[in-house]
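Chemist: For reference, this is structure-v4.cif, and it has mmCIF, C-alpha atoms.
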data_start
#
loop_
_atom_site.group_PDB
_atom_site.id
_atom_site.type_symbol
_atom_site.label_atom_id
_atom_site.label_comp_id
_atom_site.auth_asym_id
_atom_site.auth_seq_id
_atom_site.Cartn_x
_atom_site.Cartn_y
_atom_site.Cartn_z
ATOM 1 C CA LEU Q 1 -40.016 5.113 40.528
ATOM 2 C CA ASN Q 2 -37.736 8.038 41.326
ATOM 3 C CA TRP Q 3 -37.415 9.162 44.947
ATOM 4 C CA ASP Q 4 -36.822 12.898 45.386
ATOM 5 C CA VAL Q 5 -33.351 12.646 46.914
ATOM 6 C CA PRO Q 6 -31.460 15.943 47.191
ATOM 7 C CA PHE Q 7 -28.282 16.043 45.105
ATOM 8 C CA THR Q 8 -24.785 17.289 45.717
ATOM 9 C CA SER Q 9 -21.612 16.713 43.824
ATOM 10 C CA GLN Q 10 -18.696 15.578 45.949
ATOM 11 C CA ALA Q 11 -17.112 18.890 44.883
ATOM 12 C CA PRO Q 12 -20.015 21.307 45.497
ATOM 13 C CA HIS Q 13 -18.000 24.378 44.442
ATOM 14 C CA GLY Q 14 -16.554 22.590 41.407
ATOM 15 C CA ILE Q 15 -13.069 22.515 42.930
ATOM 16 C CA TRP Q 16 -11.735 18.992 42.456
ATOM 17 C CA ASP Q 17 -8.819 19.148 44.879
ATOM 18 C CA ILE Q 18 -7.364 16.027 46.500
ATOM 19 C CA GLU Q 19 -9.877 16.190 49.362
ATOM 20 C CA HIS Q 20 -12.967 16.534 47.160
ATOM 21 C CA GLU Q 21 -11.815 13.766 44.845
ATOM 22 C CA GLU Q 22 -12.196 11.507 47.918
ATOM 23 C CA PHE Q 23 -15.671 12.693 48.996
ATOM 24 C CA CYS Q 24 -17.925 10.286 47.037
ATOM 25 C CA GLU Q 25 -18.825 8.240 50.129
ATOM 26 C CA GLU Q 26 -19.470 11.399 52.142
ATOM 27 C CA ALA Q 27 -21.595 12.962 49.387
ATOM 28 C CA SER Q 28 -23.629 9.767 49.022
ATOM 29 C CA ALA Q 29 -24.142 9.651 52.797
ATOM 30 C CA VAL Q 30 -25.195 13.316 52.918
ATOM 31 C CA MET Q 31 -27.768 12.747 50.171
ATOM 32 C CA VAL Q 32 -29.403 9.761 51.896
ATOM 33 C CA GLY Q 33 -29.158 11.378 55.318
ATOM 34 C CA ARG Q 34 -30.855 14.543 54.143
ATOM 35 C CA TYR Q 35 -33.511 12.563 52.249
ATOM 36 C CA PHE Q 36 -34.550 10.434 55.225
ATOM 37 C CA HIS Q 37 -34.563 13.456 57.538
ATOM 38 C CA ASP Q 38 -36.655 15.526 55.083
ATOM 39 C CA ARG Q 39 -33.923 18.099 54.600
ATOM 40 C CA THR Q 40 -32.675 19.687 51.418
ATOM 41 C CA ILE Q 41 -29.158 20.668 50.459
ATOM 42 C CA GLY Q 42 -29.616 24.404 50.127
ATOM 43 C CA SER Q 43 -26.323 25.641 48.726
ATOM 44 C CA ALA Q 44 -22.807 24.631 47.769
ATOM 45 C CA ASP Q 45 -21.563 26.056 51.076
ATOM 46 C CA GLU Q 46 -24.091 23.959 53.013
ATOM 47 C CA ALA Q 47 -23.113 20.831 51.064
ATOM 48 C CA ASP Q 48 -19.403 21.430 51.624
ATOM 49 C CA GLU Q 49 -19.997 21.959 55.333
ATOM 50 C CA ALA Q 50 -21.903 18.655 55.550
ATOM 51 C CA LEU Q 51 -19.127 16.825 53.667
ATOM 52 C CA ASN Q 52 -16.518 18.206 56.033
ATOM 53 C CA GLU Q 53 -18.592 17.207 59.074
ATOM 54 C CA LEU Q 54 -18.514 13.605 57.827
ATOM 55 C CA LYS Q 55 -14.795 13.886 57.070
ATOM 56 C CA ASN Q 56 -14.199 15.034 60.649
ATOM 57 C CA TRP Q 57 -16.348 12.195 62.032
ATOM 58 C CA GLN Q 58 -14.272 9.698 60.059
ATOM 59 C CA LEU Q 59 -10.980 11.233 61.161
ATOM 60 C CA GLU Q 60 -12.132 10.956 64.780
ATOM 61 C CA HIS Q 61 -13.532 7.402 64.508
ATOM 62 C CA LEU Q 62 -11.405 5.813 61.769
ATOM 63 C CA GLY Q 63 -8.273 7.936 61.637
ATOM 64 C CA PHE Q 64 -8.761 8.623 57.905
ATOM 65 C CA PHE Q 65 -11.540 9.609 55.496
ATOM 66 C CA GLU Q 66 -10.293 8.487 52.109
ATOM 67 C CA SER Q 67 -11.901 5.515 50.335
ATOM 68 C CA THR Q 68 -14.006 4.027 53.092
ATOM 69 C CA THR Q 69 -15.370 0.525 52.644
ATOM 70 C CA ALA Q 70 -19.033 -0.440 52.555
ATOM 71 C CA VAL Q 71 -18.879 -1.498 56.227
ATOM 72 C CA GLN Q 72 -17.174 1.735 57.310
ATOM 73 C CA THR Q 73 -19.639 3.846 55.312
ATOM 74 C CA ALA Q 74 -22.590 1.897 56.738
ATOM 75 C CA ASN Q 75 -21.345 2.476 60.294
ATOM 76 C CA MET Q 76 -20.915 6.189 59.628
ATOM 77 C CA ILE Q 77 -24.470 6.503 58.274
ATOM 78 C CA ARG Q 78 -25.872 4.612 61.269
ATOM 79 C CA GLU Q 79 -23.958 6.719 63.776
ATOM 80 C CA VAL Q 80 -24.333 10.150 62.182
ATOM 81 C CA TYR Q 81 -27.852 9.901 60.742
ATOM 82 C CA GLY Q 82 -29.419 7.181 62.904
ATOM 83 C CA LEU Q 83 -30.561 5.247 59.841
ATOM 84 C CA THR Q 84 -30.904 1.522 59.320
ATOM 85 C CA VAL Q 85 -28.210 0.214 56.989
ATOM 86 C CA ARG Q 86 -27.704 -3.376 55.964
ATOM 87 C CA LEU Q 87 -25.218 -4.917 53.596
ATOM 88 C CA ASP Q 88 -26.828 -6.992 50.843
ATOM 89 C CA HIS Q 89 -25.253 -9.403 48.361
ATOM 90 C CA ASP Q 90 -28.386 -10.008 46.270
ATOM 91 C CA LEU Q 91 -27.703 -7.932 43.172
ATOM 92 C CA ALA Q 92 -30.655 -9.144 41.091
ATOM 93 C CA ALA Q 93 -32.524 -6.282 39.429
ATOM 94 C CA ASP Q 94 -35.901 -7.411 40.790
ATOM 95 C CA HIS Q 95 -34.544 -7.590 44.337
ATOM 96 C CA LEU Q 96 -33.050 -4.103 44.135
ATOM 97 C CA LYS Q 97 -36.252 -2.718 42.631
ATOM 98 C CA ARG Q 98 -38.243 -4.251 45.514
ATOM 99 C CA GLN Q 99 -35.931 -2.528 48.008
ATOM 100 C CA LEU Q 100 -36.491 0.808 46.283
ATOM 101 C CA ALA Q 101 -40.266 0.250 46.010
ATOM 102 C CA ALA Q 102 -40.344 -0.457 49.769
ATOM 103 C CA GLY Q 103 -38.880 3.010 50.390
ATOM 104 C CA SER Q 104 -35.187 2.184 50.790
ATOM 105 C CA LEU Q 105 -32.293 3.806 48.993
ATOM 106 C CA ILE Q 106 -29.216 1.916 47.800
ATOM 107 C CA LEU Q 107 -25.574 2.937 47.973
ATOM 108 C CA ILE Q 108 -23.327 1.205 45.487
ATOM 109 C CA PRO Q 109 -19.565 0.903 45.964
ATOM 110 C CA ALA Q 110 -18.028 0.429 42.546
ATOM 111 C CA ALA Q 111 -15.008 0.218 40.317
ATOM 112 C CA GLY Q 112 -15.607 3.737 39.033
ATOM 113 C CA ARG Q 113 -13.937 3.362 35.672
ATOM 114 C CA GLN Q 114 -16.237 0.459 34.814
ATOM 115 C CA LEU Q 115 -19.281 2.720 35.198
ATOM 116 C CA GLY Q 116 -18.407 4.529 31.975
ATOM 117 C CA ASN Q 117 -19.911 7.848 33.051
ATOM 118 C CA PRO Q 118 -18.954 10.292 30.259
ATOM 119 C CA TYR Q 119 -18.990 13.245 32.667
ATOM 120 C CA TYR Q 120 -16.196 11.956 34.913
ATOM 121 C CA LYS Q 121 -12.794 13.530 34.580
ATOM 122 C CA GLN Q 122 -11.275 10.769 32.485
ATOM 123 C CA PRO Q 123 -10.326 8.033 33.004
ATOM 124 C CA GLY Q 124 -12.638 8.238 36.037
ATOM 125 C CA PRO Q 125 -12.218 7.257 39.675
ATOM 126 C CA ILE Q 126 -10.724 3.887 40.564
ATOM 127 C CA TYR Q 127 -13.164 3.536 43.485
ATOM 128 C CA HIS Q 128 -16.512 5.300 43.653
ATOM 129 C CA MET Q 129 -19.796 5.311 45.571
ATOM 130 C CA LEU Q 130 -23.190 6.563 44.408
ATOM 131 C CA VAL Q 131 -26.888 6.543 45.359
ATOM 132 C CA VAL Q 132 -29.516 4.497 43.531
ATOM 133 C CA LYS Q 133 -32.856 6.230 44.001
ATOM 134 C CA GLY Q 134 -35.146 4.768 41.370
ATOM 135 C CA TYR Q 135 -35.633 2.778 38.205
ATOM 136 C CA THR Q 136 -37.275 3.068 34.808
ATOM 137 C CA SER Q 137 -39.665 0.701 33.070
ATOM 138 C CA ASP Q 138 -36.986 -0.218 30.529
ATOM 139 C CA GLY Q 139 -34.398 -1.701 32.911
ATOM 140 C CA ARG Q 140 -32.335 1.295 33.950
ATOM 141 C CA PHE Q 141 -31.487 2.567 37.407
ATOM 142 C CA ILE Q 142 -31.766 6.244 38.336
ATOM 143 C CA THR Q 143 -28.912 7.512 40.476
ATOM 144 C CA ASN Q 144 -27.526 10.550 42.184
ATOM 145 C CA ASP Q 145 -23.894 10.207 41.156
ATOM 146 C CA PRO Q 146 -21.727 12.651 43.119
ATOM 147 C CA GLY Q 147 -18.753 12.135 40.785
ATOM 148 C CA THR Q 148 -19.952 14.901 38.473
ATOM 149 C CA LYS Q 149 -21.979 18.104 38.685
ATOM 150 C CA ARG Q 150 -24.289 16.429 36.123
ATOM 151 C CA GLY Q 151 -24.946 13.476 38.435
ATOM 152 C CA ALA Q 152 -28.525 14.271 39.538
ATOM 153 C CA ASP Q 153 -30.924 11.692 38.064
ATOM 154 C CA PHE Q 154 -28.100 10.087 36.075
ATOM 155 C CA VAL Q 155 -29.384 6.880 34.485
ATOM 156 C CA TYR Q 156 -27.290 3.702 34.207
ATOM 157 C CA LEU Q 157 -28.180 0.491 32.441
ATOM 158 C CA TYR Q 158 -28.708 -2.225 35.049
ATOM 159 C CA ASP Q 159 -25.971 -4.472 33.605
ATOM 160 C CA ARG Q 160 -23.406 -1.651 33.523
ATOM 161 C CA LEU Q 161 -24.111 -0.602 37.113
ATOM 162 C CA ILE Q 162 -24.199 -4.114 38.551
ATOM 163 C CA SER Q 163 -21.064 -5.274 36.750
ATOM 164 C CA ALA Q 164 -19.112 -2.364 38.282
ATOM 165 C CA ILE Q 165 -20.054 -3.190 41.897
ATOM 166 C CA GLY Q 166 -17.044 -3.833 44.101
ATOM 167 C CA ASP Q 167 -16.047 -2.759 47.586
ATOM 168 C CA TYR Q 168 -12.801 -0.842 48.123
ATOM 169 C CA ASN Q 169 -10.551 -3.910 48.535
ATOM 170 C CA ALA Q 170 -7.342 -1.953 49.222
ATOM 171 C CA GLY Q 171 -7.747 0.060 46.017
ATOM 172 C CA ASN Q 172 -8.803 -2.827 43.789
ATOM 173 C CA PRO Q 173 -12.618 -2.591 43.688
ATOM 174 C CA SER Q 174 -12.914 -4.629 40.496
ATOM 175 C CA GLN Q 175 -11.895 -7.583 42.701
ATOM 176 C CA GLY Q 176 -13.775 -6.308 45.764
ATOM 177 C CA GLU Q 177 -16.734 -7.833 47.565
ATOM 178 C CA ARG Q 178 -19.908 -7.525 45.519
ATOM 179 C CA VAL Q 179 -22.126 -5.784 48.056
ATOM 180 C CA VAL Q 180 -24.572 -2.883 48.258
ATOM 181 C CA LEU Q 181 -25.869 -0.844 51.194
ATOM 182 C CA ILE Q 182 -29.642 -0.841 51.681
ATOM 183 C CA ILE Q 183 -30.659 2.226 53.685
ATOM 184 C CA SER Q 184 -33.982 2.980 55.349
ATOM 185 C CA LYS Q 185 -35.313 5.081 58.197
#
Translate the structure of the given file into structure tokens.

Modeler:
Amino acid sequence: LNWDVPFTSQAPHGIWDIEHEEFCEEASAVMVGRYFHDRTIGSADEADEALNELKNWQLEHLGFFESTTAVQTANMIREVYGLTVRLDHDLAADHLKRQLAAGSLILIPAAGRQLGNPYYKQPGPIYHMLVVKGYTSDGRFITNDPGTKRGADFVYLYDRLISAIGDYNAGNPSQGERVVLIISK
């Protein structure tokens, strides 16, 4: 199963300035928002504009945009895209596969360095968020990982992905709440 979710890097123009290094939650939200509203991400300019719209929403509603928690990201997706978002603590592979098979997408907050993505600027982000959009028959999850321009359809082993899950937790996601966001229309 591999839902056709449009992809954007959190740095659509490849410029990894301080702002774009913080846009993983926004990029993940844009991808799921566009998917459920049957919209593509047409260009790097369009992606950057969408990221900045979410940044501005967060500045208005939260007072900041950097490193938002699962709850804050869920609220943003509900408010901006009108989608159903629920927090889920069941991290079993079969449960997550059932959510995907039912048409949902999954956002994973994670201790980014534990993901071991070789395309991250090393050593990788401390905190990261990405979209799970499918799975393979051999126990891997298919993601759109905005932390790299090579993140479309990036495949993670289930154990690697699940072990990295952790909410922001004041900059210590490896000790953060083990939760995922289940998103549907």

Chemist: Please determine, counting only C-alpha atoms, which residue among Q:Asn169, Q:Gln175, Q:Asn52, Q:Thr148 has the shortest atom-to-atom distance to Ala11 of chain Q.

Modeler: Q:Thr148

Chemist: Name the closest residue to Thr69 of chain Q among the candidates Q:Asp167, Q:Asp159, Q:Asp145, Q:Glu22; distances are taken between atoms, counting all atoms listed in the file.

Modeler: Q:Asp167

Chemist: As number ranges by chain, please: the residues near Val155 of chain Q (cut-off 9 Å, only C-alpha atoms, same-chain neighbours under 4 positions excluded).

Modeler: Q: 135-136, 140-144, 151

Chemist: Taking C-alpha atoms for each residue, export the selection above as a compact mmCIF listing (two decimals), in the coordinates of the input.

Modeler:
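To be explicit, this is the file written out as again.txt:
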# COMPACT_ATOMS: atom_id res chain seq x y z
CA TYR Q 135 -35.63 2.78 38.20
CA THR Q 136 -37.28 3.07 34.81
CA ARG Q 140 -32.34 1.30 33.95
CA PHE Q 141 -31.49 2.57 37.41
CA ILE Q 142 -31.77 6.24 38.34
CA THR Q 143 -28.91 7.51 40.48
CA ASN Q 144 -27.53 10.55 42.18
CA GLY Q 151 -24.95 13.48 38.44

Chemist: I'd like the neighbourhood of His128 of chain Q as a PDB file with C-alpha atoms, in the frame of the given file, where a residue qualifies if any of its atoms comes within 6 Å (using all atoms listed in the file), though same-chain residues fewer than 6 positions away should be ignored.

Modeler:
ATOM      1  CA  PRO Q 109     -19.565   0.903  45.964  1.00  0.00           C
ATOM      2  CA  ALA Q 110     -18.028   0.429  42.546  1.00  0.00           C
ATOM      3  CA  GLY Q 112     -15.607   3.737  39.033  1.00  0.00           C
TER       4      GLY Q 112
END

Chemist: For atom CA of Lys97 of chain Q and atom CA of Gly134 of chain Q, quote the distance in Å rounded to one decimal.

Modeler: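 About the pair atom CA of Lys97 of chain Q and atom CA of Gly134 of chain Q: they are 7.7 Å apart.
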
Chemist: Please provide as a list in words all residues within 10 Å of Arg150 of chain Q, with the sequence filter that same-chain residues fewer than 2 positions apart are discarded (counting all atoms listed in the file).

Modeler: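 The residues that qualify are Phe7, Thr8, Ser9, Tyr119, Tyr120, Asn144, Asp145, Pro146, Gly147, Thr148, Ala152, Asp153 and Phe154 of chain Q.
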
Chemist: Identify the residues within 9 Å of coordinate (-22.9, 11.0, 57.4) (same frame as the file), considering only C-alpha atoms, and give the answer as JSON, numbers by chain.

Modeler: {"Q": [25, 26, 27, 28, 29, 30, 31, 32, 33, 50, 51, 53, 54, 55, 57, 73, 76, 77, 78, 79, 80, 81]}

Chemist: Under the rule that all atoms listed in the file are counted, which of Q:Trp16, Q:Tyr35, Q:Tyr168, Q:Tyr158 is the nearest residue to Glu66 of chain Q?

Modeler: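 Among the listed residues, the smallest separation from Glu66 of chain Q belongs to Q:Tyr168.
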
Chemist: Which residues are near Leu87 of chain Q? Cut-off 9 Å, all atoms listed in the file, ignore same chain within fewer than 3 positions. Put them as JSON, numbers by chain.

Modeler: {"Q": [70, 71, 74, 179, 180, 181, 182, 183]}

Chemist: Between atom CA of Phe23 of chain Q and atom CA of Arg98 of chain Q, measure the distance and give it in Å to one decimal.

Modeler: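 Here the two named atoms are 28.4 Å from each other.
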
Chemist: Counting only C-alpha atoms, find residues at most 9 Å from (-28.6, -6.7, 45.6) (file frame) and give them as a short mmCIF file (atom, residue, chain, number, x, y, z; two decimals) with C-alpha atoms, keeping the file's coordinate frame.

Modeler:
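See point34.cif below for the written result:
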data_model
loop_
_atom_site.label_atom_id
_atom_site.label_comp_id
_atom_site.auth_asym_id
_atom_site.auth_seq_id
_atom_site.Cartn_x
_atom_site.Cartn_y
_atom_site.Cartn_z
CA LEU Q 87 -25.22 -4.92 53.60
CA ASP Q 88 -26.83 -6.99 50.84
CA HIS Q 89 -25.25 -9.40 48.36
CA ASP Q 90 -28.39 -10.01 46.27
CA LEU Q 91 -27.70 -7.93 43.17
CA ALA Q 92 -30.66 -9.14 41.09
CA ALA Q 93 -32.52 -6.28 39.43
CA ASP Q 94 -35.90 -7.41 40.79
CA HIS Q 95 -34.54 -7.59 44.34
CA LEU Q 96 -33.05 -4.10 44.14
CA GLN Q 99 -35.93 -2.53 48.01
CA ILE Q 106 -29.22 1.92 47.80
CA ILE Q 162 -24.20 -4.11 38.55
CA ARG Q 178 -19.91 -7.52 45.52
CA VAL Q 179 -22.13 -5.78 48.06
CA VAL Q 180 -24.57 -2.88 48.26
CA LEU Q 181 -25.87 -0.84 51.19
CA ILE Q 182 -29.64 -0.84 51.68
#

Chemist: Between atom CA of His13 of chain Q and atom CA of Glu46 of chain Q, what distance in Å does the model show, to one decimal?

Modeler: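 Atom CA of His13 of chain Q sits 10.5 Å away from atom CA of Glu46 of chain Q.
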